[in-house]
file start-v5.txt (compact mmCIF, C-alpha atoms)
# COMPACT_ATOMS: atom_id res chain seq x y z
CA MET Q 1 96.16 129.41 138.84
CA TRP Q 2 94.86 126.06 137.62
CA ILE Q 3 92.75 127.35 134.73
CA GLU Q 4 91.40 130.70 133.60
CA ASP Q 5 88.11 131.97 135.04
CA VAL Q 6 86.46 131.82 131.62
CA CYS Q 7 86.60 128.01 131.79
CA TYR Q 8 83.84 128.04 134.42
CA GLU Q 9 81.49 130.17 132.34
CA GLU Q 10 78.47 128.42 130.85
CA GLU Q 11 79.07 129.78 127.35
CA HIS Q 12 82.62 128.44 127.39
CA ILE Q 13 81.53 125.04 128.71
CA GLN Q 14 78.92 124.71 125.99
CA LYS Q 15 81.53 125.49 123.33
CA VAL Q 16 83.80 122.79 124.76
CA LEU Q 17 80.93 120.29 124.81
CA LYS Q 18 79.96 121.16 121.25
CA GLU Q 19 83.49 120.52 120.03
CA ILE Q 20 83.65 117.21 121.92
CA GLN Q 21 80.38 116.18 120.29
CA ASN Q 22 81.68 117.19 116.87
CA ASN Q 23 84.78 115.03 117.22
CA PHE Q 24 83.23 112.15 119.14
CA GLU Q 25 81.86 110.29 116.12
CA ARG Q 26 85.15 109.73 114.31
CA TYR Q 27 86.92 108.57 117.45
CA PHE Q 28 84.03 106.32 118.44
CA SER Q 29 83.90 104.80 114.97
CA ASP Q 30 87.57 103.80 115.23
CA PHE Q 31 87.09 102.79 118.87
CA VAL Q 32 84.54 100.16 117.87
CA ASP Q 33 86.02 99.30 114.46
CA THR Q 34 89.37 98.36 116.03
CA THR Q 35 87.84 96.92 119.23
CA ALA Q 36 89.55 99.69 121.22
CA GLY Q 37 92.80 99.35 119.32
CA THR Q 38 93.17 95.57 119.62
CA SER Q 39 92.47 94.81 115.95
CA LEU Q 40 92.99 96.36 112.52
CA SER Q 41 90.68 99.12 111.42
CA THR Q 42 88.66 98.52 108.27
CA ALA Q 43 90.91 100.94 106.38
CA ASP Q 44 94.08 99.18 107.54
CA PHE Q 45 92.50 95.81 106.75
CA GLU Q 46 91.84 96.92 103.18
CA LYS Q 47 95.41 98.22 102.83
CA LEU Q 48 96.71 94.87 104.05
CA GLN Q 49 94.55 93.09 101.46
CA GLN Q 50 95.98 95.25 98.70
CA SER Q 51 99.54 94.61 99.82
CA VAL Q 52 99.08 90.83 99.51
CA GLY Q 53 96.98 90.91 96.34
CA LEU Q 54 93.64 90.08 97.96
CA ALA Q 55 91.87 93.40 97.46
CA GLY Q 56 88.11 92.89 97.52
CA LYS Q 57 88.35 89.11 97.95
CA VAL Q 58 87.75 89.11 101.71
CA THR Q 59 85.23 91.45 103.31
CA ARG Q 60 84.63 92.54 106.88
CA SER Q 61 81.15 92.84 108.27
CA LYS Q 62 79.88 96.29 109.20
CA CYS Q 63 76.45 95.08 110.28
CA LYS Q 64 74.88 96.20 113.52
CA ASN Q 65 75.35 92.81 115.19
CA ASP Q 66 79.07 92.85 114.45
CA LEU Q 67 79.50 96.38 115.82
CA SER Q 68 77.39 95.48 118.83
CA GLY Q 69 79.59 92.49 119.53
CA LYS Q 70 82.71 94.63 119.31
CA TYR Q 71 81.28 97.24 121.67
CA GLN Q 72 80.31 94.53 124.14
CA ALA Q 73 83.80 93.06 123.90
CA ILE Q 74 85.38 96.46 124.58
CA ILE Q 75 83.26 96.99 127.68
CA ALA Q 76 83.83 93.44 128.93
CA ASP Q 77 87.60 93.79 128.51
CA ALA Q 78 87.58 97.18 130.24
CA LEU Q 79 85.64 95.74 133.18
CA ASN Q 80 88.05 92.83 133.44
CA SER Q 81 91.05 95.16 133.52
CA PHE Q 82 89.32 97.41 136.04
CA GLU Q 83 88.68 94.55 138.47
CA GLN Q 84 92.19 93.10 138.37
CA ASN Q 85 93.61 95.09 141.29
CA ARG Q 86 90.44 96.63 142.64
CA GLU Q 87 90.45 94.63 145.88
CA LYS Q 88 93.56 96.47 147.03
CA TYR Q 89 91.74 99.79 146.74
CA LEU Q 90 88.64 98.47 148.46
CA ASP Q 91 90.83 97.21 151.29
CA LEU Q 92 92.61 100.57 151.57
CA LEU Q 93 89.35 102.52 151.63
CA ASP Q 94 87.40 100.15 153.86
CA GLU Q 95 86.01 102.32 156.65
CA GLU Q 96 86.96 99.92 159.44
CA ASN Q 97 90.47 99.52 158.07
CA LEU Q 98 90.87 103.28 157.79
CA GLU Q 99 89.81 103.74 161.38
CA GLU Q 100 92.41 101.22 162.53
CA ASP Q 101 95.09 102.82 160.33
CA GLY Q 102 94.63 106.03 162.28
CA ASP Q 103 96.45 104.42 165.20
CA ASP Q 104 99.72 104.39 163.23
CA VAL Q 105 99.79 106.99 160.47
CA ALA Q 106 103.49 106.38 159.79
CA ALA Q 107 102.69 102.79 158.86
CA PHE Q 108 99.72 104.03 156.83
CA LYS Q 109 102.11 106.07 154.69
CA ALA Q 110 104.93 103.53 154.52
CA LYS Q 111 102.87 100.41 153.90
CA ARG Q 112 99.25 101.11 153.04
CA LEU Q 113 100.04 103.90 150.56
CA ARG Q 114 103.61 103.30 149.42
CA ASP Q 115 103.52 99.50 149.21
CA ASP Q 116 99.86 98.44 148.97
CA CYS Q 117 98.18 101.17 146.90
CA PRO Q 118 98.83 100.21 143.25
CA ILE Q 119 98.75 103.69 141.70
CA ILE Q 120 101.04 105.23 144.32
CA HIS Q 121 103.38 102.23 144.37
CA SER Q 122 103.74 102.19 140.58
CA THR Q 123 104.31 105.94 140.50
CA LEU Q 124 107.02 105.81 143.16
CA TYR Q 125 108.87 102.90 141.59
CA ASN Q 126 108.62 103.94 137.94
CA LYS Q 127 112.21 105.17 137.90
CA GLN Q 128 112.27 105.35 134.10
CA ALA Q 129 109.80 108.25 134.08
CA LYS Q 130 111.80 111.41 134.66
CA GLU Q 131 108.62 113.46 135.01
CA LEU Q 132 107.84 111.58 138.25
CA ASP Q 133 110.99 112.61 140.12
CA LYS Q 134 109.25 115.50 141.86
CA TYR Q 135 106.47 113.19 142.96
CA ARG Q 136 108.91 110.78 144.60
CA LYS Q 137 110.53 113.63 146.49
CA ALA Q 138 107.18 115.13 147.53
CA PHE Q 139 105.92 111.78 148.80
CA SER Q 140 109.09 111.22 150.81
CA LEU Q 141 108.71 114.61 152.50
CA SER Q 142 104.95 114.41 153.03
CA ASP Q 143 103.37 114.38 156.49
CA PRO Q 144 101.87 110.95 157.33
CA LYS Q 145 99.15 112.57 159.42
CA GLU Q 146 98.10 114.83 156.54
CA LEU Q 147 98.08 111.90 154.11
CA TYR Q 148 95.87 109.89 156.43
CA GLN Q 149 93.49 112.79 157.02
CA VAL Q 150 93.06 113.53 153.32
CA VAL Q 151 92.42 109.88 152.42
CA THR Q 152 89.89 109.74 155.25
CA ASN Q 153 88.22 112.91 153.96
CA LEU Q 154 88.04 111.45 150.46
CA ARG Q 155 86.43 108.29 151.78
CA LYS Q 156 83.90 110.32 153.76
CA PHE Q 157 83.01 112.47 150.75
CA ALA Q 158 82.60 109.39 148.56
CA ALA Q 159 80.23 107.81 151.08
CA GLU Q 160 78.15 110.97 151.35
CA TYR Q 161 78.04 111.38 147.57
CA GLU Q 162 76.98 107.78 147.05
CA ALA Q 163 74.26 108.14 149.68
CA GLY Q 164 72.79 111.09 147.77
CA TYR Q 165 73.00 109.43 144.37
CA ASP Q 166 69.69 108.98 142.54
CA PRO Q 167 70.07 106.63 139.56
CA ASP Q 168 66.71 107.72 138.15
CA SER Q 169 67.68 111.38 137.80
CA TYR Q 170 71.46 111.16 137.37
CA ASP Q 171 71.41 111.37 133.58
CA ASP Q 172 69.37 114.58 133.79
CA ILE Q 173 72.17 116.54 135.49
CA ALA Q 174 72.73 119.71 133.47
CA SER Q 175 75.78 121.47 134.95
CA TYR Q 176 79.08 120.83 136.71
CA ASP Q 177 77.66 122.53 139.78
CA GLU Q 178 74.70 120.16 139.83
CA LEU Q 179 77.05 117.20 139.46
CA GLY Q 180 78.50 118.30 142.78
CA MET Q 181 82.19 117.42 142.66
CA GLY Q 182 83.52 120.72 143.99
CA GLN Q 183 84.63 119.20 147.29
CA MET Q 184 87.23 117.16 145.42
CA ASP Q 185 89.17 120.33 144.56
CA THR Q 186 89.41 121.64 148.13
CA ASP Q 187 92.38 121.57 150.50
CA ASP Q 188 90.56 119.01 152.66
CA CYS Q 189 90.80 116.49 149.82
CA THR Q 190 94.29 117.35 148.57
CA VAL Q 191 97.91 116.83 149.58
CA TYR Q 192 99.59 119.13 147.09
CA GLY Q 193 102.24 117.33 145.09
CA VAL Q 194 101.22 113.92 146.46
CA ILE Q 195 97.46 113.35 146.35
CA GLY Q 196 96.20 115.57 143.54
CA GLY Q 197 93.40 115.25 141.02
CA GLY Q 198 94.76 112.17 139.30
CA ILE Q 199 95.48 109.99 142.31
CA LYS Q 200 92.48 110.94 144.43
CA SER Q 201 90.12 110.48 141.49
CA HIS Q 202 91.65 107.07 140.80
CA LEU Q 203 91.08 106.02 144.41
CA LEU Q 204 87.39 106.91 144.28
CA TYR Q 205 87.02 105.57 140.74
CA LYS Q 206 88.11 102.19 142.06
CA LEU Q 207 85.62 102.51 144.91
CA TYR Q 208 82.60 103.80 142.97
CA PRO Q 209 83.22 103.47 139.20
CA GLY Q 210 79.66 104.52 138.50
CA LEU Q 211 80.12 107.89 140.19
CA PHE Q 212 83.73 109.05 139.98
CA PRO Q 213 85.47 109.25 136.58
CA ASN Q 214 89.20 108.58 136.48
CA ARG Q 215 91.06 111.83 135.82
CA SER Q 216 94.20 110.17 134.49
CA ARG Q 217 96.95 111.80 132.45
CA SER Q 218 95.59 110.08 129.34
CA ALA Q 219 92.11 111.42 130.08
CA ILE Q 220 93.29 115.04 130.10
CA TRP Q 221 95.29 114.51 126.91
CA ALA Q 222 92.19 112.95 125.36
CA LEU Q 223 90.10 116.02 126.15
CA TRP Q 224 92.69 118.17 124.39
CA TYR Q 225 92.32 116.06 121.26
CA LEU Q 226 88.54 115.74 121.54
CA THR Q 227 88.36 119.55 121.61
CA ASN Q 228 90.63 119.68 118.55
CA LYS Q 229 93.25 121.63 120.52
CA LYS Q 230 91.04 124.72 120.55
CA VAL Q 231 91.38 127.40 123.24
CA PHE Q 232 87.78 128.71 123.36
CA GLY Q 233 88.78 132.20 124.44
CA CYS Q 234 91.52 131.21 126.89
CA GLU Q 235 94.49 133.58 126.75
CA MET Q 236 97.13 131.01 127.75
CA ASP Q 237 96.34 128.22 125.27
CA SER Q 238 94.10 125.21 125.96
CA GLU Q 239 92.82 124.66 129.48
CA PHE Q 240 93.90 121.02 129.14
CA LEU Q 241 97.57 121.93 128.78
CA MET Q 242 100.19 123.24 131.16
CA ILE Q 243 102.91 125.11 129.29
CA ASP Q 244 106.23 126.27 130.73
CA VAL Q 245 107.42 128.81 128.16
CA GLU Q 246 110.85 129.33 129.73
CA LYS Q 247 111.66 125.61 129.73
CA SER Q 248 109.75 124.87 126.50
CA ILE Q 249 107.77 122.14 128.25
CA THR Q 250 104.18 121.17 127.44
CA GLN Q 251 102.30 118.75 129.70
CA GLN Q 252 98.72 117.74 130.28
CA ASN Q 253 97.23 120.05 132.90
CA TYR Q 254 97.79 117.93 136.00
CA ASN Q 255 96.03 120.60 138.07
CA TYR Q 256 92.86 120.54 135.99
CA PRO Q 257 89.87 120.94 138.35
CA TYR Q 258 88.11 117.67 139.00
CA GLU Q 259 84.65 119.22 139.09
CA LEU Q 260 84.99 120.35 135.47
CA PHE Q 261 86.69 117.16 134.33
CA ALA Q 262 83.95 115.07 135.93
CA TYR Q 263 81.28 117.03 134.09
CA TYR Q 264 82.95 116.55 130.70
CA ALA Q 265 83.39 112.85 131.51
CA PHE Q 266 79.71 112.70 132.43
CA GLU Q 267 78.73 114.19 129.07
CA ILE Q 268 81.00 111.72 127.26
CA TYR Q 269 79.35 108.90 129.19
CA LYS Q 270 75.99 110.03 127.81
CA LEU Q 271 77.39 109.95 124.27
CA LEU Q 272 78.72 106.43 124.85
CA LYS Q 273 75.41 105.36 126.37
CA ALA Q 274 73.48 106.67 123.36
CA LYS Q 275 75.72 104.57 121.12
CA ALA Q 276 75.12 101.55 123.33
CA VAL Q 277 71.37 101.96 122.85
CA LEU Q 278 71.78 102.21 119.07
CA LEU Q 279 73.90 99.06 119.06
CA SER Q 280 71.51 97.16 121.33
CA THR Q 281 74.10 96.76 124.06
CA ASP Q 282 74.39 98.10 127.58
CA ILE Q 283 76.62 100.13 129.88
CA ASN Q 284 76.07 99.13 133.49
CA ASP Q 285 75.35 102.30 135.47
CA ASN Q 286 77.43 101.00 138.37
CA TYR Q 287 80.46 100.94 136.05
CA ARG Q 288 79.63 103.79 133.68
CA TYR Q 289 82.99 105.49 134.01
CA VAL Q 290 84.91 102.32 133.18
CA ALA Q 291 83.54 102.69 129.66
CA VAL Q 292 84.49 106.38 129.65
CA ASP Q 293 88.01 105.55 130.84
CA ALA Q 294 88.44 102.98 128.06
CA PHE Q 295 87.30 105.50 125.45
CA LEU Q 296 89.53 108.32 126.71
CA ASN Q 297 92.53 106.00 126.86
CA PHE Q 298 91.84 105.01 123.26
CA VAL Q 299 91.66 108.64 122.14
CA ALA Q 300 94.98 109.44 123.81
CA ASP Q 301 96.57 106.31 122.35
CA GLN Q 302 95.76 107.54 118.84
CA HIS Q 303 98.20 110.38 119.48
CA ASP Q 304 100.84 108.52 121.49
CA GLY Q 305 103.62 109.74 119.21
CA GLU Q 306 102.92 113.41 119.86
CA ILE Q 307 102.35 112.81 123.57
CA ALA Q 308 105.65 110.91 123.80
CA LEU Q 309 107.38 113.88 122.18
CA PHE Q 310 105.95 116.22 124.81
CA LYS Q 311 107.07 113.86 127.58
CA SER Q 312 110.59 113.68 126.16
CA GLN Q 313 110.94 117.44 126.67
CA ILE Q 314 110.78 117.01 130.44
CA ARG Q 315 114.33 117.02 131.78
CA ASP Q 316 114.11 118.29 135.33
CA GLY Q 317 111.26 116.22 136.73
CA GLY Q 318 107.88 117.62 135.87
CA ALA Q 319 104.80 116.79 137.87
CA GLY Q 320 102.37 115.05 135.55
CA TYR Q 321 101.55 112.39 138.10
CA ALA Q 322 98.99 113.27 140.72
call {"tool": "encode", "arguments": {"input": "start-v5.txt", "output": "structure tokens"}}
result
Amino acid sequence: MWIEDVCYEEEHIQKVLKEIQNNFERYFSDFVDTTAGTSLSTADFEKLQQSVGLAGKVTRSKCKNDLSGKYQAIIADALNSFEQNREKYLDLLDEENLEEDGDDVAAFKAKRLRDDCPIIHSTLYNKQAKELDKYRKAFSLSDPKELYQVVTNLRKFAAEYEAGYDPDSYDDIASYDELGMGQMDTDDCTVYGVIGGGIKSHLLYKLYPGLFPNRSRSAIWALWYLTNKKVFGCEMDSEFLMIDVEKSITQQNYNYPYELFAYYAFEIYKLLKAKAVLLSTDINDNYRYVAVDAFLNFVADQHDGEIALFKSQIRDGGAGYA
């Protein structure tokens, strides 16, 4: 069971959204104030002044133009990072290339996925991360034909979704069902243990960053913090956690359904867009989820000490990868 049934109920979803909204402001304030963690916060700046005897002698601007400039810088930096290896994903998911790859699925697995796909390559060769051991084994044992078919199915779904996208009505979507990401959680779009919610969402995020949010490990951790670790009626703790009581291991829920994650990411995008309007800046609709990804990474980074502690508990190779 990935999550409890209550997590799909409208009342539950609205409670989650309300809590995200309640906590959004303080995280966003720090997000902009520190330029997404690349500079001192105003509070830390003032502490530094006091430590060197300059308290009150140097001030930092909090005017709208300054905040707008910081927000623009955050988005520009996020876009730059996003584009750095994007061509490799576009090449992998090119429809003509995929068709040709079908002639040799063994090579598709050994080269196109293992060597050329950045997220899979980095996962396989990150030998320092004990929690990825199971992933390396699962990839080694996976069926090349199944891998090829699932990637092809993902590409087909992405093309169909993009064809039905209406930019004029997109922001009016009012439910996860209306957002229409359920196909992503089906067997046709999954190789269990190898191409799960994290990796397949990253592939399509790199293809259509305006339509598919990146369900990374940091993103799921961020939702746990944005919801203030509340359970909202769940009997087995937060839906964003996966807890192994016997082994005393807590991980982000690497099986969290993409259709629900995408809806929460969509709602966070609208919060970020509203801030962009207030600060007279812009979030390009074609890259809307790049901004969301930057924000969620920032939220998770604010709690990197606690997250690192959870990761250190993993001794036998967890599965917080796909």
call {"tool": "closest_residue", "arguments": {"input": "start-v5.txt", "among": "Q:Pro118, Q:Gly69, Q:Gly233, Q:Pro144", "to": "Q:Asp101", "atoms": "all atoms listed in the file"}}
result
Q:Pro144
call {"tool": "residues_around", "arguments": {"input": "start-v5.txt", "residues": "stretch 219-225 of chain Q", "least_positions_apart": "2", "cutoff": "9 Å", "atoms": "all atoms listed in the file", "output": "PyMOL selection string"}}
result
chain Q and resi 20+23+214-217+227-230+238-241+251-254+256+261+264-265+293+295-301+303+307
call {"tool": "write_last_selection", "arguments": {"input": "start-v5.txt", "atoms": "C-alpha atoms", "output": "mmCIF file, keeping the file's coordinate frame"}}
result
data_model
loop_
_atom_site.group_PDB
_atom_site.id
_atom_site.type_symbol
_atom_site.label_atom_id
_atom_site.label_comp_id
_atom_site.auth_asym_id
_atom_site.auth_seq_id
_atom_site.Cartn_x
_atom_site.Cartn_y
_atom_site.Cartn_z
ATOM 1 C CA ILE Q 20 83.650 117.210 121.920
ATOM 2 C CA ASN Q 23 84.780 115.030 117.220
ATOM 3 C CA ASN Q 214 89.200 108.580 136.480
ATOM 4 C CA ARG Q 215 91.060 111.830 135.820
ATOM 5 C CA SER Q 216 94.200 110.170 134.490
ATOM 6 C CA ARG Q 217 96.950 111.800 132.450
ATOM 7 C CA THR Q 227 88.360 119.550 121.610
ATOM 8 C CA ASN Q 228 90.630 119.680 118.550
ATOM 9 C CA LYS Q 229 93.250 121.630 120.520
ATOM 10 C CA LYS Q 230 91.040 124.720 120.550
ATOM 11 C CA SER Q 238 94.100 125.210 125.960
ATOM 12 C CA GLU Q 239 92.820 124.660 129.480
ATOM 13 C CA PHE Q 240 93.900 121.020 129.140
ATOM 14 C CA LEU Q 241 97.570 121.930 128.780
ATOM 15 C CA GLN Q 251 102.300 118.750 129.700
ATOM 16 C CA GLN Q 252 98.720 117.740 130.280
ATOM 17 C CA ASN Q 253 97.230 120.050 132.900
ATOM 18 C CA TYR Q 254 97.790 117.930 136.000
ATOM 19 C CA TYR Q 256 92.860 120.540 135.990
ATOM 20 C CA PHE Q 261 86.690 117.160 134.330
ATOM 21 C CA TYR Q 264 82.950 116.550 130.700
ATOM 22 C CA ALA Q 265 83.390 112.850 131.510
ATOM 23 C CA ASP Q 293 88.010 105.550 130.840
ATOM 24 C CA PHE Q 295 87.300 105.500 125.450
ATOM 25 C CA LEU Q 296 89.530 108.320 126.710
ATOM 26 C CA ASN Q 297 92.530 106.000 126.860
ATOM 27 C CA PHE Q 298 91.840 105.010 123.260
ATOM 28 C CA VAL Q 299 91.660 108.640 122.140
ATOM 29 C CA ALA Q 300 94.980 109.440 123.810
ATOM 30 C CA ASP Q 301 96.570 106.310 122.350
ATOM 31 C CA HIS Q 303 98.200 110.380 119.480
ATOM 32 C CA ILE Q 307 102.350 112.810 123.570
#
call {"tool": "atom_distance", "arguments": {"input": "start-v5.txt", "atom1": "atom CA of Q:Thr190", "atom2": "atom CA of Q:Lys145"}}
result
12.8 Å
call {"tool": "atom_distance", "arguments": {"input": "start-v5.txt", "atom1": "atom CA of Q:Lys137", "atom2": "atom CA of Q:Pro257"}}
result
23.4 Å
call {"tool": "atom_distance", "arguments": {"input": "start-v5.txt", "atom1": "atom CA of Q:Leu90", "atom2": "atom CA of Q:Lys206"}}
result
7.4 Å
call {"tool": "residues_around", "arguments": {"input": "start-v5.txt", "residues": "Q:Tyr205", "least_positions_apart": "6", "cutoff": "10 Å", "atoms": "all atoms listed in the file", "output": "ChimeraX atom specification"}}
result
/Q:82,86,89,158,199,211-215,287,289-290,293
call {"tool": "write_last_selection", "arguments": {"input": "start-v5.txt", "atoms": "C-alpha atoms", "output": "CSV table (one decimal), in the coordinates of the input"}}
result
chain,number,residue,atom,x,y,z
Q,82,PHE,CA,89.3,97.4,136.0
Q,86,ARG,CA,90.4,96.6,142.6
Q,89,TYR,CA,91.7,99.8,146.7
Q,158,ALA,CA,82.6,109.4,148.6
Q,199,ILE,CA,95.5,110.0,142.3
Q,211,LEU,CA,80.1,107.9,140.2
Q,212,PHE,CA,83.7,109.0,140.0
Q,213,PRO,CA,85.5,109.2,136.6
Q,214,ASN,CA,89.2,108.6,136.5
Q,215,ARG,CA,91.1,111.8,135.8
Q,287,TYR,CA,80.5,100.9,136.0
Q,289,TYR,CA,83.0,105.5,134.0
Q,290,VAL,CA,84.9,102.3,133.2
Q,293,ASP,CA,88.0,105.6,130.8
call {"tool": "closest_residue", "arguments": {"input": "start-v5.txt", "among": "Q:Tyr165, Q:Thr250, Q:Trp2, Q:Val277", "to": "Q:Glu131", "atoms": "all atoms listed in the file"}}
result
Q:Thr250
call {"tool": "residues_around", "arguments": {"input": "start-v5.txt", "residues": "Q:Ala276", "least_positions_apart": "4", "cutoff": "12 Å", "atoms": "all atoms listed in the file", "output": "list in words"}}
result
Phe28, Val32, Lys64, Asn65, Leu67, Ser68, Gly69, Lys70, Tyr71, Gln72, Ile74, Ile75, Tyr269, Lys270, Leu271, Leu272, Ser280, Thr281, Asp282, Ile283, Asn284, Arg288 and Ala291 of chain Q
call {"tool": "residues_around", "arguments": {"input": "start-v5.txt", "residues": "Q:Tyr258", "least_positions_apart": "6", "cutoff": "9 Å", "atoms": "all atoms listed in the file", "output": "VMD selection string"}}
result
chain Q and resid 181 to 182 184 to 185 197 to 198 201 215
call {"tool": "decode", "arguments": {"input": "start-v5.txt", "residues": "stretch 187-200 of chain Q", "atoms": "N, CA and C atoms", "output": "mmCIF file, in the first residue's frame"}}
result
data_model
loop_
_atom_site.group_PDB
_atom_site.id
_atom_site.type_symbol
_atom_site.label_atom_id
_atom_site.label_comp_id
_atom_site.auth_asym_id
_atom_site.auth_seq_id
_atom_site.Cartn_x
_atom_site.Cartn_y
_atom_site.Cartn_z
ATOM 1 N N ASP Q 187 0.923 0.384 -14.059
ATOM 2 C CA ASP Q 187 1.980 -0.568 -14.406
ATOM 3 C C ASP Q 187 2.605 -0.252 -15.757
ATOM 4 N N ASP Q 188 1.819 0.286 -16.678
ATOM 5 C CA ASP Q 188 2.333 0.586 -18.018
ATOM 6 C C ASP Q 188 3.444 1.630 -17.991
ATOM 7 N N CYS Q 189 3.464 2.435 -16.950
ATOM 8 C CA CYS Q 189 4.463 3.510 -16.851
ATOM 9 C C CYS Q 189 5.446 3.283 -15.708
ATOM 10 N N THR Q 190 5.586 2.031 -15.280
ATOM 11 C CA THR Q 190 6.428 1.743 -14.118
ATOM 12 C C THR Q 190 7.223 0.457 -14.314
ATOM 13 N N VAL Q 191 8.502 0.501 -13.957
ATOM 14 C CA VAL Q 191 9.299 -0.710 -13.774
ATOM 15 C C VAL Q 191 9.652 -0.717 -12.293
ATOM 16 N N TYR Q 192 8.941 -1.508 -11.521
ATOM 17 C CA TYR Q 192 9.059 -1.443 -10.069
ATOM 18 C C TYR Q 192 10.500 -1.686 -9.618
ATOM 19 N N GLY Q 193 10.979 -0.761 -8.796
ATOM 20 C CA GLY Q 193 12.345 -0.834 -8.310
ATOM 21 C C GLY Q 193 13.363 -0.180 -9.211
ATOM 22 N N VAL Q 194 12.952 0.211 -10.426
ATOM 23 C CA VAL Q 194 13.905 0.782 -11.385
ATOM 24 C C VAL Q 194 13.413 2.116 -11.946
ATOM 25 N N ILE Q 195 12.221 2.127 -12.501
ATOM 26 C CA ILE Q 195 11.634 3.371 -13.003
ATOM 27 C C ILE Q 195 10.352 3.617 -12.219
ATOM 28 N N GLY Q 196 10.512 4.277 -11.075
ATOM 29 C CA GLY Q 196 9.386 4.608 -10.220
ATOM 30 C C GLY Q 196 9.035 6.074 -10.335
ATOM 31 N N GLY Q 197 8.302 6.578 -9.355
ATOM 32 C CA GLY Q 197 7.791 7.943 -9.436
ATOM 33 C C GLY Q 197 8.842 9.010 -9.579
ATOM 34 N N GLY Q 198 9.985 8.835 -8.916
ATOM 35 C CA GLY Q 198 11.028 9.842 -8.987
ATOM 36 C C GLY Q 198 11.692 9.925 -10.345
ATOM 37 N N ILE Q 199 12.124 8.778 -10.862
ATOM 38 C CA ILE Q 199 12.856 8.783 -12.130
ATOM 39 C C ILE Q 199 11.948 9.096 -13.303
ATOM 40 N N LYS Q 200 10.769 8.494 -13.362
ATOM 41 C CA LYS Q 200 9.911 8.764 -14.521
ATOM 42 C C LYS Q 200 9.422 10.211 -14.522
#
